[in-house]
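Participant: Quick one: this structure, given as structure tokens, is what I'll be asking you about.
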Amino acid sequence: MPGETSAGGRDSPAFTTRGLTKVYGEGPAAVHALRGVDLEIPRGEMVVLLGPSGSGKSTLLNIIGGLDRPTAGTALFQGQDLTAMTDAHLTRYRRDHVGFVFQFYNLMPSLTAHENVELVTEIARDPMEPDEALALVGLHARADHFPAELSGGEQQRVAIARAVAKRPTVLFCDEPTGALDSTTGRAVLGVLRDVNETLGATVLIVTHAAATAGLADQVVHFADGRIRAVETNATKLSPDDIAW
Amino acid sequence: MRPLDRKLLRDLWRIKGQAIAIGAVIAVGVLLLVMMTGLVTSLDETRRTYYERYRLADVFAPLTRAPDRVMTELAAIPGVAAAEGRVAGGALIDLPGADLPLQAQAVSLPDFGAPRVNDVYLTDGRRLDPDRADEILLLTSFARAQGLRPGDTLSATMKGARRTFRVVGLAQSPEFLYTTPPGELAPDDARFGVIWMSRTALAAAYDMEGAFNEALLSLGPRANAAAVRAAVDRLLAPYGGQGAYGLEDHVSNRFVSEEIAGLRTTTTVVPPIFLAVAAFLLTIVISRMVQAEREQIGLLKAFGYSNLAVTVHYFKMILAIATAGALAGCLLGVAAGRSMVEFYLTFFKFPFLVFQTDPAAFVLGVLVSVLAASAGGLVVLRGVFALTPATAMRPPTPPNYARAGRIAAGLGAWLDQPSRMVLRRITRQPGRMAGAVVGIAAGLALCAGLLSILDSFNRVMDITFDLADRSDVTVTFVEAQGDKTILELQRLPGVIAVEPMRVVPAVLRHGLNTYRGAVHGLVGAPRLNRALDQDSRPIRLREEGVILAVALADILEIAPGDALTVDVREGRQPLLDLPVIGIAETLVGAPAYMEIGALNRALREPHRVSGAVLRIDTASGPAIYRTLKDMPAVAGVSLKAQARDAVQSLIDSGAGAQRFVMAGLAFVITFGVVYNAARIAQAERTRDIASLRVLGFTRGEAAFVLLGELAVVTLAALPLGLALGALLATGLAEGFSTDLYQIPALYSARACGVAVLAVLTAALASGWLVKRDLDRVDLVSALKTRE
């Protein structure tokens with residue numbers, strides 16, 4: 001990544017956005033997904049973006065994850081402007097710094113758990129061994145199973161292993177427990193907390209389940225494409241303690 | 001192995017059915033290309049080698065009789081590399097049990113050593129012993145057809161004297177690759193033989209001691225062939241020289257060349273069409289396949305895979321299918337070529353024939369397939385790359401039917417909802433629909449065009465042997481006779497009608513074009529052997545001019561009203577200038593017709609006939625044949641039924657044989673196109689149909705949305721396909737036509753009907769297969785499928 005250590009330096013926040021706006025479509029049919037979002041996310045924190053469906057939180061995640069581009073405004077990653085990057089730069093940014101966990105897991109159906117992780121470790125700069133990543137999510141024993149042979153929770157843990165195996169700087173999770181029951185969901189959240197604490201990665205979780213907020217250092221409330229409120233938790237809850 | 005490559009292998013395994021279907025289409029196109037170009041190369045190369053190894057002459061000069069010393073003068077002509085004089089003559093072979101005498105040509109071989117020109121290839125037995133005058137070599141194909149072997153004896157009549165000979169060996173020769181009974185166009189192994197005898201023995205039989213009646217010359221590399229022929233003609237003029245001619249006018253070589261040329265034309269026309277259709281189909285299917293991977297492409301990009309890495313990944317998949325198909329096509333093409341070679345070996349009588357492949361065909365076949373597949377893949381990849389990974393990973397937004405909706409608004413009043421869905425989809429995505437229409441139309445055109453060709457071949461046979469020639473027997477005489485012979489024939493019991501004819505060899509010229517053929521003298525209003533016009537009406541021959549077969553008129557670039565120069569190669573060898581007064585739709589051979597009286601007057605040989613056609617009572621056939629066999633004037637008797645069989649087998653075993661293979665492959669491709677169109681539509685609409693089912697539509701009603709679309713596309717393809725088929729039929733007819741037979745560009749209603757039926761059957765079968773799958777769809781999982 002160009003100028004990685006220069007512009008923002010080591011002390012700049014993980015992400016800073018200014019006036020971030022995203023409009024889908026044109027004219028009367030236009031949908032305003034983001035209406036000028038200003039936000040700062042410190043490094044190494046666990047942040048929950050909370051809001052109802054359609055409030056713009058996933059759009060924000062996609063933009064600062066380098067998966068989408070804003071209509072207006074700027075988004076800085078450690079002081080560097082993501083909105084000014086070329087496609088090739090964004091690709092490098094995602095490859096070197098970002099891990100994704102999606103609601104529907106998005107595993108490659110034709111690859112085993114181990115191979116799904118390997119898909120990412122192969123192109124990362126300083127990855128862990130796929131087995132190590134799977135051990136981290138407690139799936140070491142099922143490494144040779146295909147996604148179709150795994151339960152929903154197991155698939156999501158493979159997706160997490162795949163995301164953390166590259167030792168990402170930031171981990172983005174879009175409704176990571178949205179398709180899971182409470183027991184499995186708690187286990188997955190436990191894994192995310194461990195990743196945050198042991199790897200020191202900044203973790204962003206998008207969810208509409210208010211209970212998840214208890215885990216976070218910071219909770220950002222979204223509604224209608226805007227930030228309603230930002231609150232900081234003095235004490236974080238353990239996944240076992242949150243109400244589902 | 002890298003995980004992406006493992007994904008590739010497993011994906012290929014998952015879509016193996018589709019991959020095999022695509023590969024098969026490519027394979028068919030490449031197969032045809034490799035097989036046909038290989039055949040042409042092999043035949044060409046084999047012929048060249050065979051001619052070279054057995055020293056086939058470059059110039060042939062028949063004459064009446066010249067003393068041996070003239071050979072020395074011929075050999076001294078500048079440009080002549082080797083010269084050989086020989087004795088040749090007609091003979092009749094009488095086999096016990098055969099009603100008809102069999103015609104043969106007797107040819108001399110030097111008493112000692114191999115001939116310098118026109119050597120023979122001994123397949124069985126031994127060479128001739130010059131001390132034994134009764135020894136002969138027999139043409140292998142004739143001997144095999146008649147069940148004769150070395151050691152057998154046979155009796156033959158030469159110059160009126162019947163003698164008994166002993167067969168000591170069987171031989172082949174490049175000058176007798178193609179042996180046709182005199183007066184016929186198609187070869188028949190059983191009815192025409194070649195006898196080789198030692199020079200001394202044959203000279204004794206034909207009163208040619210110390211003389212020759214045919215000179216054979218081979219030329220040096222830089223010889224001026226025309227100048228040599230002119231010199232030969234000057235030298236032989238006092239000895240009854242009938243005009244030297246080159247290898248290109250040699251009958252056997254001309255037949256072989258025509259067959260190869262016909263095959264070459266077909267090769268340039270047909271495989272490219274197949275390949276183009278296959279390529280088109282491939283582009284559509286591959287693009288659809290990559291489209292279905294959109295989400296995974298987005299995911300790979302989200303992980304940080306570059307566009308290039310993703311492209312390479314999918315390119316490998318495309319390449320794997322396309323090259324596997326192309327390679328299978330190459331292998332199958334070589335295998336098919338090898339078996340076709342066996343076929344041609346019996347047809348052309350080459351002593352050896354090795355199937356050689358043309359490397360260009362492999363390269364072209366593989367290249368076209370890979371390019372077509374890549375084009376389909378890359379267009380879609382470019383579209384997916386234009387999206388951000390976030391968009392690519394989401395199901396595509398519903399297509400905007402607003403515009404199409406307005407277009408169809410007028411129709412909406414009398415259409416139900418499912419019909420509206422069909423109509424809007426068709427008007428909304430005209431490009432995709434046009435692709436499917438053109439694909440099916442191309443398949444239909446291939447079927448209709450190739451079936452038409454089958455009908456055209458049948459038409460050739462009908463016109464030639466039923467309409468034009470209504471006789472049963474053709475009799476040829478040893479030499480031109482007085483016309484009282486006709487009266488003799490007429491008196492035979494069982495003969496219903498007799499018509500005289502006079503056939504004289506001639507070189508026909510118009511401008512710079514020449515053709516070595518014959519003028520057929522017929523009675524003014526023939527009833528048995530007729531020249532027909534385009535509408536199959538008999539043409540009345542008038543005294544003042546000639547009627548030309550359409551193929552001959554094309555070769556000479558001559559039209560009615562033009563003057564034709566006829567350089568007669570018989571008797572006084574007069575040079576005639578005659579106006580062309582009509583064109584005959586003669587499809588087999590390329591004769592020129594003239595009124596027999598006018599021809600005889602021009603030759604100053606009144607009341608002469610060289611043969612006759614007879615209509616007989618079939619019950620008296622054997623008795624008539626026995627009588628003819630004993631008539632000294634008769635050189636040969638041929639039955640129309642036999643001649644017809646010979647032409648039929650010529651058409652079926654030569655270049656024309658390809659038509660069956662092609663028609664079969666056309667059906668395979670047509671089914672492939674229709675089936676794929678249905679499958680693609682199904683893949684795109686499974687969710688819609690599941691939704692309709694959930695809303696309470698019956699299976700039939702829901703399937704209508706999909707099958708209705710297939711029906712509309714298929715029906716739209718019919719007129720286009722029939723129009724393309726007409727073009728194709730014309731092109732193919734031209735490609736299949738040779739000097740020997742003309743294939744008329746028919747576009748028969750029957751062919752169109754069958755082709756349409758084939759397409760509709762393919763559509764119904766595909767529709768049924770798709771419907772069966774739709775009925776099995778698990779509604780919940782179909783609805784959950786994220787595109």
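We label chains A, B, ... in the order they appear in the structure tokens, count residues from 1 in each chain, and number ligands from 1 in the order shown.
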Residues of chain B that approach chain A to 10 Å or less, counting only C-alpha atoms: could you list each one with the shortest pair of atoms and its distance in Å to one decimal, rows by chain and increasing residue number, as CSV?
Facilitator:
```
residue,atom,partner,partner_atom,distance
B:Arg2,CA,A:Leu119,CA,7.9
B:Pro3,CA,A:Leu119,CA,5.5
B:Leu4,CA,A:Leu119,CA,6.7
B:Arg6,CA,A:Leu111,CA,7.2
B:Lys7,CA,A:Ser110,CA,5.5
B:Leu8,CA,A:Ser110,CA,8.4
B:Leu9,CA,A:Ser110,CA,8.9
B:Arg10,CA,A:Ser110,CA,5.8
B:Asp11,CA,A:Ser110,CA,6.4
B:Leu12,CA,A:Ser110,CA,9.9
B:Trp13,CA,A:Ser110,CA,9.7
B:Arg14,CA,A:Ser110,CA,8.5
B:Glu295,CA,A:Asn106,CA,8.7
B:Gln296,CA,A:Met108,CA,7.3
B:Gly298,CA,A:Leu67,CA,9.0
B:Leu299,CA,A:Asn106,CA,7.3
B:Leu300,CA,A:Leu119,CA,8.8
B:Lys301,CA,A:Thr91,CA,7.2
B:Ala302,CA,A:Leu67,CA,6.5
B:Phe303,CA,A:Arg95,CA,5.7
B:Gly304,CA,A:Arg95,CA,3.9
B:Tyr305,CA,A:Thr91,CA,6.8
B:Ser306,CA,A:Thr91,CA,6.3
B:Asn307,CA,A:Ala88,CA,8.6
B:Phe385,CA,A:Asp87,CA,10.0
B:Leu387,CA,A:Asp68,CA,8.8
B:Thr388,CA,A:Asp68,CA,5.3
B:Pro389,CA,A:Leu67,CA,5.0
B:Ala390,CA,A:Leu67,CA,4.9
B:Thr391,CA,A:Asp68,CA,7.5
B:Ala392,CA,A:Leu67,CA,9.5
B:Met393,CA,A:Asn106,CA,9.0
```
Participant: Store the residues picked out above, limited to N, CA and C atoms, as a short mmCIF file (atom, residue, chain, number, x, y, z; two decimals), in the first residue's frame.
Facilitator:
```cif
data_model
loop_
_atom_site.label_atom_id
_atom_site.label_comp_id
_atom_site.auth_asym_id
_atom_site.auth_seq_id
_atom_site.Cartn_x
_atom_site.Cartn_y
_atom_site.Cartn_z
N ARG B 2 -2.67 -24.99 -6.06
CA ARG B 2 -3.22 -23.78 -5.48
C ARG B 2 -4.73 -23.93 -5.32
N PRO B 3 -5.27 -23.29 -4.27
CA PRO B 3 -6.72 -23.45 -4.01
C PRO B 3 -7.57 -23.02 -5.19
N LEU B 4 -7.15 -21.97 -5.91
CA LEU B 4 -7.96 -21.53 -7.05
C LEU B 4 -8.01 -22.61 -8.12
N ARG B 6 -7.72 -25.79 -7.53
CA ARG B 6 -8.59 -26.86 -7.04
C ARG B 6 -10.05 -26.49 -7.26
N LYS B 7 -10.34 -25.21 -7.02
CA LYS B 7 -11.71 -24.73 -7.26
C LYS B 7 -12.08 -24.97 -8.72
N LEU B 8 -11.11 -24.66 -9.61
CA LEU B 8 -11.33 -24.82 -11.04
C LEU B 8 -11.70 -26.26 -11.37
N LEU B 9 -10.89 -27.20 -10.85
CA LEU B 9 -11.14 -28.61 -11.16
C LEU B 9 -12.51 -29.05 -10.65
N ARG B 10 -12.82 -28.62 -9.40
CA ARG B 10 -14.10 -29.04 -8.84
C ARG B 10 -15.26 -28.38 -9.56
N ASP B 11 -15.08 -27.11 -9.98
CA ASP B 11 -16.14 -26.44 -10.74
C ASP B 11 -16.37 -27.16 -12.06
N LEU B 12 -15.28 -27.54 -12.70
CA LEU B 12 -15.40 -28.26 -13.97
C LEU B 12 -16.17 -29.56 -13.77
N TRP B 13 -15.88 -30.22 -12.65
CA TRP B 13 -16.57 -31.49 -12.38
C TRP B 13 -18.04 -31.23 -12.14
N ARG B 14 -18.34 -30.11 -11.43
CA ARG B 14 -19.73 -29.79 -11.13
C ARG B 14 -20.51 -29.53 -12.41
N GLU B 295 -21.15 -13.61 -8.37
CA GLU B 295 -20.98 -13.44 -6.94
C GLU B 295 -19.60 -13.89 -6.47
N GLN B 296 -19.18 -15.03 -7.00
CA GLN B 296 -17.86 -15.54 -6.60
C GLN B 296 -16.74 -14.63 -7.10
N GLY B 298 -17.03 -11.41 -7.37
CA GLY B 298 -17.05 -10.31 -6.42
C GLY B 298 -16.31 -10.68 -5.13
N LEU B 299 -16.53 -11.91 -4.67
CA LEU B 299 -15.90 -12.37 -3.44
C LEU B 299 -14.37 -12.43 -3.58
N LEU B 300 -13.93 -13.00 -4.70
CA LEU B 300 -12.48 -13.08 -4.93
C LEU B 300 -11.87 -11.68 -4.93
N LYS B 301 -12.61 -10.75 -5.53
CA LYS B 301 -12.11 -9.38 -5.56
C LYS B 301 -12.11 -8.79 -4.16
N ALA B 302 -13.11 -9.12 -3.35
CA ALA B 302 -13.15 -8.62 -1.98
C ALA B 302 -11.94 -9.10 -1.18
N PHE B 303 -11.49 -10.31 -1.47
CA PHE B 303 -10.31 -10.83 -0.77
C PHE B 303 -9.02 -10.15 -1.20
N GLY B 304 -9.09 -9.41 -2.31
CA GLY B 304 -7.88 -8.75 -2.79
C GLY B 304 -7.27 -9.41 -4.01
N TYR B 305 -8.03 -10.31 -4.66
CA TYR B 305 -7.53 -10.85 -5.93
C TYR B 305 -7.69 -9.78 -7.00
N SER B 306 -6.68 -9.62 -7.83
CA SER B 306 -6.74 -8.57 -8.86
C SER B 306 -7.60 -9.04 -10.03
N ASN B 307 -8.01 -8.08 -10.87
CA ASN B 307 -8.80 -8.41 -12.07
C ASN B 307 -8.07 -9.44 -12.91
N PHE B 385 -16.23 -6.72 -13.88
CA PHE B 385 -15.15 -5.90 -13.32
C PHE B 385 -15.55 -4.43 -13.22
N LEU B 387 -18.22 -3.40 -12.16
CA LEU B 387 -18.97 -3.23 -10.92
C LEU B 387 -18.01 -3.19 -9.74
N THR B 388 -18.39 -2.52 -8.66
CA THR B 388 -17.59 -2.60 -7.45
C THR B 388 -17.83 -3.97 -6.85
N PRO B 389 -16.86 -4.49 -6.08
CA PRO B 389 -17.04 -5.83 -5.49
C PRO B 389 -18.33 -5.91 -4.70
N ALA B 390 -18.70 -4.81 -4.01
CA ALA B 390 -19.92 -4.84 -3.20
C ALA B 390 -21.14 -5.11 -4.07
N THR B 391 -21.19 -4.47 -5.24
CA THR B 391 -22.32 -4.67 -6.15
C THR B 391 -22.29 -6.05 -6.75
N ALA B 392 -21.08 -6.52 -7.13
CA ALA B 392 -20.96 -7.81 -7.77
C ALA B 392 -21.46 -8.92 -6.85
N MET B 393 -21.25 -8.72 -5.52
CA MET B 393 -21.63 -9.78 -4.59
C MET B 393 -23.11 -9.77 -4.26
#
```
Participant: Identify all residues of stretch 50-236 of chain A in strand (DSSP E or B) (DSSP on the backbone) and supply them as an MDAnalysis selection string.
Facilitator: chainID A and resid 50 72:77 80:81 98:101 170:174 202:207 218:223 226:232
Participant: Dump N, CA, C and O atoms for the selected residues as a CSV table (one decimal), in the first residue's frame?
Facilitator:
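Below is the file selection-v2.csv, written as the result:
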```
chain,number,residue,atom,x,y,z
A,50,LEU,N,-24.9,0.1,14.7
A,50,LEU,CA,-26.2,-0.4,15.0
A,50,LEU,C,-27.3,0.4,14.3
A,50,LEU,O,-27.2,1.6,14.2
A,72,ALA,N,-19.9,11.2,-2.7
A,72,ALA,CA,-19.2,12.4,-2.3
A,72,ALA,C,-18.6,12.2,-0.9
A,72,ALA,O,-19.0,11.2,-0.2
A,73,GLY,N,-17.7,13.0,-0.5
A,73,GLY,CA,-17.1,12.9,0.8
A,73,GLY,C,-15.8,12.1,0.8
A,73,GLY,O,-15.4,11.6,-0.3
A,74,THR,N,-15.1,12.1,1.9
A,74,THR,CA,-13.8,11.3,1.9
A,74,THR,C,-13.9,10.3,3.0
A,74,THR,O,-14.6,10.4,4.0
A,75,ALA,N,-13.1,9.2,2.8
A,75,ALA,CA,-12.9,8.2,3.8
A,75,ALA,C,-11.4,7.9,3.9
A,75,ALA,O,-10.8,7.6,2.9
A,76,LEU,N,-10.8,8.1,5.1
A,76,LEU,CA,-9.4,7.9,5.3
A,76,LEU,C,-9.1,6.6,6.1
A,76,LEU,O,-9.8,6.3,7.1
A,77,PHE,N,-8.2,5.8,5.6
A,77,PHE,CA,-7.7,4.7,6.4
A,77,PHE,C,-6.3,5.0,6.8
A,77,PHE,O,-5.4,5.2,6.0
A,80,GLN,N,-4.9,7.8,5.0
A,80,GLN,CA,-4.8,7.8,3.5
A,80,GLN,C,-6.2,7.8,2.9
A,80,GLN,O,-7.1,7.0,3.4
A,81,ASP,N,-6.4,8.5,1.9
A,81,ASP,CA,-7.7,8.7,1.3
A,81,ASP,C,-8.1,7.5,0.4
A,81,ASP,O,-7.6,7.3,-0.7
A,98,VAL,N,-7.5,-5.9,5.0
A,98,VAL,CA,-8.9,-6.1,5.4
A,98,VAL,C,-9.3,-7.5,5.4
A,98,VAL,O,-9.0,-8.3,4.5
A,99,GLY,N,-10.1,-7.9,6.5
A,99,GLY,CA,-10.7,-9.2,6.5
A,99,GLY,C,-12.2,-8.9,6.5
A,99,GLY,O,-12.7,-8.0,7.2
A,100,PHE,N,-13.0,-9.8,5.7
A,100,PHE,CA,-14.4,-9.6,5.7
A,100,PHE,C,-15.1,-10.9,6.2
A,100,PHE,O,-14.7,-12.0,5.9
A,101,VAL,N,-16.2,-10.6,7.0
A,101,VAL,CA,-17.1,-11.7,7.3
A,101,VAL,C,-18.5,-11.3,6.9
A,101,VAL,O,-19.0,-10.2,7.3
A,170,VAL,N,-7.8,-4.5,9.9
A,170,VAL,CA,-9.2,-4.3,10.3
A,170,VAL,C,-10.1,-5.5,9.8
A,170,VAL,O,-9.8,-6.1,8.8
A,171,LEU,N,-11.1,-5.8,10.7
A,171,LEU,CA,-12.0,-6.9,10.3
A,171,LEU,C,-13.4,-6.4,10.3
A,171,LEU,O,-13.9,-5.8,11.2
A,172,PHE,N,-14.0,-6.6,9.1
A,172,PHE,CA,-15.4,-6.1,8.9
A,172,PHE,C,-16.3,-7.3,8.9
A,172,PHE,O,-16.2,-8.3,8.2
A,173,CYS,N,-17.4,-7.1,9.7
A,173,CYS,CA,-18.3,-8.2,9.9
A,173,CYS,C,-19.7,-7.6,9.6
A,173,CYS,O,-20.2,-6.8,10.3
A,174,ASP,N,-20.4,-8.1,8.5
A,174,ASP,CA,-21.7,-7.6,8.2
A,174,ASP,C,-22.7,-8.6,8.6
A,174,ASP,O,-22.9,-9.7,8.0
A,202,THR,N,-8.6,-4.0,14.5
A,202,THR,CA,-9.8,-3.1,14.7
A,202,THR,C,-11.0,-4.0,14.1
A,202,THR,O,-10.9,-4.5,13.0
A,203,VAL,N,-12.0,-4.1,14.9
A,203,VAL,CA,-13.2,-5.0,14.5
A,203,VAL,C,-14.4,-4.1,14.3
A,203,VAL,O,-14.8,-3.4,15.3
A,204,LEU,N,-15.0,-4.1,13.1
A,204,LEU,CA,-16.3,-3.4,12.9
A,204,LEU,C,-17.4,-4.4,12.7
A,204,LEU,O,-17.3,-5.2,11.8
A,205,ILE,N,-18.4,-4.3,13.5
A,205,ILE,CA,-19.5,-5.3,13.3
A,205,ILE,C,-20.8,-4.5,13.0
A,205,ILE,O,-21.2,-3.5,13.7
A,206,VAL,N,-21.4,-4.8,11.8
A,206,VAL,CA,-22.6,-4.2,11.5
A,206,VAL,C,-23.8,-5.1,11.9
A,206,VAL,O,-23.7,-6.3,11.6
A,207,THR,N,-24.7,-4.6,12.6
A,207,THR,CA,-25.8,-5.5,13.1
A,207,THR,C,-27.1,-4.7,13.3
A,207,THR,O,-27.0,-3.4,13.5
A,218,GLN,N,-17.2,0.9,21.3
A,218,GLN,CA,-17.9,2.0,20.9
A,218,GLN,C,-19.1,1.6,20.1
A,218,GLN,O,-19.0,0.6,19.3
A,219,VAL,N,-20.3,2.2,20.3
A,219,VAL,CA,-21.5,1.8,19.5
A,219,VAL,C,-21.9,3.1,18.7
A,219,VAL,O,-22.1,4.1,19.2
A,220,VAL,N,-22.1,2.8,17.3
A,220,VAL,CA,-22.5,3.9,16.5
A,220,VAL,C,-23.9,3.6,16.0
A,220,VAL,O,-24.2,2.6,15.4
A,221,HIS,N,-24.9,4.5,16.3
A,221,HIS,CA,-26.3,4.3,16.0
A,221,HIS,C,-26.6,5.0,14.7
A,221,HIS,O,-26.3,6.1,14.5
A,222,PHE,N,-27.2,4.2,13.8
A,222,PHE,CA,-27.5,4.7,12.4
A,222,PHE,C,-29.0,4.8,12.2
A,222,PHE,O,-29.8,3.9,12.7
A,223,ALA,N,-29.4,5.8,11.5
A,223,ALA,CA,-30.8,5.8,11.0
A,223,ALA,C,-30.9,6.7,9.8
A,223,ALA,O,-30.3,7.8,9.8
A,226,ARG,N,-27.8,8.5,8.4
A,226,ARG,CA,-27.0,9.4,9.2
A,226,ARG,C,-26.7,8.8,10.5
A,226,ARG,O,-27.3,7.8,10.9
A,227,ILE,N,-25.6,9.3,11.2
A,227,ILE,CA,-25.3,8.9,12.5
A,227,ILE,C,-26.2,9.6,13.5
A,227,ILE,O,-26.3,10.8,13.5
A,228,ARG,N,-26.9,8.8,14.3
A,228,ARG,CA,-27.8,9.3,15.3
A,228,ARG,C,-27.1,9.6,16.6
A,228,ARG,O,-27.2,10.7,17.2
A,229,ALA,N,-26.2,8.7,17.0
A,229,ALA,CA,-25.5,8.9,18.3
A,229,ALA,C,-24.3,7.9,18.3
A,229,ALA,O,-24.3,6.9,17.6
A,230,VAL,N,-23.3,8.4,19.1
A,230,VAL,CA,-22.2,7.5,19.3
A,230,VAL,C,-22.0,7.3,20.8
A,230,VAL,O,-22.0,8.3,21.5
A,231,GLU,N,-22.0,6.1,21.3
A,231,GLU,CA,-21.8,5.9,22.7
A,231,GLU,C,-20.6,5.0,23.0
A,231,GLU,O,-20.3,4.2,22.2
A,232,THR,N,-20.0,5.2,24.1
A,232,THR,CA,-18.8,4.4,24.5
A,232,THR,C,-19.2,3.6,25.7
A,232,THR,O,-19.8,4.1,26.7
```
Participant: Apply DSSP to the structure's backbone, then extract all residues of stretch 482-531 of chain B labelled helix (DSSP H, G or I) and return them as a PyMOL selection string.
Facilitator: chain B and resi 484-491
Participant: Could you name the residues that touch A:Leu192 at 9 Å or less, counting only C-alpha atoms, but leaving out those on the same chain fewer than 4 positions away, as a VMD selection string?
Facilitator: chain A and resid 160 171 187 to 188 196 to 197 203
Participant: Limited to C-alpha atoms, could you put the picked residues into a file as a compact mmCIF listing (two decimals), in the first residue's frame?
Facilitator:
```
# COMPACT_ATOMS: atom_id res chain seq x y z
CA ILE A 160 -14.01 -15.81 10.27
CA LEU A 171 -11.96 -6.94 10.35
CA ALA A 187 -19.69 -18.60 20.01
CA VAL A 188 -19.06 -16.58 16.84
CA ASN A 196 -9.78 -8.23 18.59
CA GLU A 197 -7.94 -8.92 21.77
CA VAL A 203 -13.15 -4.96 14.46
```
Participant: Identify, on the basis of only C-alpha atoms, every residue whose closest approach to A:Thr16 does not exceed 8 Å; exclude the query and any residue fewer than 3 positions from it along the same chain; express the result as a VMD selection string.
Facilitator: chain A and resid 13 38 to 41 75 to 79
Participant: Report as a PyMOL selection string all protein, DNA and RNA residues lying within 6 Å of A:Ala165, evaluated on only C-alpha atoms, omitting residues in the same chain fewer than 2 positions from it.
Facilitator: chain A and resi 127-128+133+161-163+167
Participant: Tell me which protein, DNA and RNA residues are within 6 Å of A:Ala213, counting only C-alpha atoms, leaving out same-chain ones fewer than 3 positions away, and put them as a PyMOL selection string.
Facilitator: chain A and resi 48+210+216
Participant: For those residues, write all heavy atoms to a file as a PDB file, in the first residue's frame.
Facilitator:
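Result file follows (result.pdb):
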```
ATOM      1  N   VAL A  48     -19.358  -1.411  17.112  1.00  0.00           N
ATOM      2  CA  VAL A  48     -20.598  -1.965  16.566  1.00  0.00           C
ATOM      3  C   VAL A  48     -21.367  -0.839  15.888  1.00  0.00           C
ATOM      4  O   VAL A  48     -21.576   0.221  16.481  1.00  0.00           O
ATOM      5  CB  VAL A  48     -21.452  -2.611  17.679  1.00  0.00           C
ATOM      6  CG1 VAL A  48     -22.863  -2.902  17.165  1.00  0.00           C
ATOM      7  CG2 VAL A  48     -20.785  -3.888  18.175  1.00  0.00           C
ATOM      8  N   ALA A 210     -29.582  -5.132  18.765  1.00  0.00           N
ATOM      9  CA  ALA A 210     -29.087  -4.169  19.767  1.00  0.00           C
ATOM     10  C   ALA A 210     -28.264  -4.833  20.862  1.00  0.00           C
ATOM     11  O   ALA A 210     -27.326  -4.235  21.404  1.00  0.00           O
ATOM     12  CB  ALA A 210     -30.257  -3.402  20.381  1.00  0.00           C
ATOM     13  N   ALA A 216     -19.102  -4.018  22.528  1.00  0.00           N
ATOM     14  CA  ALA A 216     -18.237  -3.073  21.836  1.00  0.00           C
ATOM     15  C   ALA A 216     -17.594  -2.053  22.760  1.00  0.00           C
ATOM     16  O   ALA A 216     -18.068  -1.791  23.860  1.00  0.00           O
ATOM     17  CB  ALA A 216     -19.055  -2.343  20.772  1.00  0.00           C
TER      18      ALA A 216
END
```
Participant: Kindly give the distance, in Å, that separates atom CA of B:Gly365 and atom CA of B:Leu327, rounded to a single decimal.
Facilitator: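 Pair atom CA of B:Gly365 / atom CA of B:Leu327 returns 8.9 Å.
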Participant: Looking at B:Gln105, B:Gln481, B:Thr157, B:Ser257, which one is nearest to B:Arg47, with distances taken over only C-alpha atoms?
Facilitator: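 When distances to B:Arg47 are compared using only C-alpha atoms, the smallest one comes from B:Ser257.
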Participant: At what distance in Å, to one decimal, does atom CA of B:Arg394 lie from atom CA of A:Thr71?
Facilitator: 18.7 Å
Participant: I'd like the neighbourhood of A:His145 as a VMD selection string, where a residue qualifies if any of its atoms comes within 6 Å (using only C-alpha atoms), though same-chain residues fewer than 3 positions away should be ignored.
Facilitator: chain A and resid 112 to 113 142 149
Participant: Pull C-alpha atoms from the residues just selected and write them as a CSV table (one decimal), in the first residue's frame.
Facilitator:
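Done, and the output landed in part-v8.csv:
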```csv
chain,number,residue,atom,x,y,z
A,112,THR,CA,-13.0,-27.4,1.7
A,113,ALA,CA,-12.8,-25.3,4.9
A,142,ARG,CA,-13.4,-30.2,10.3
A,149,GLU,CA,-21.1,-30.6,5.0
```
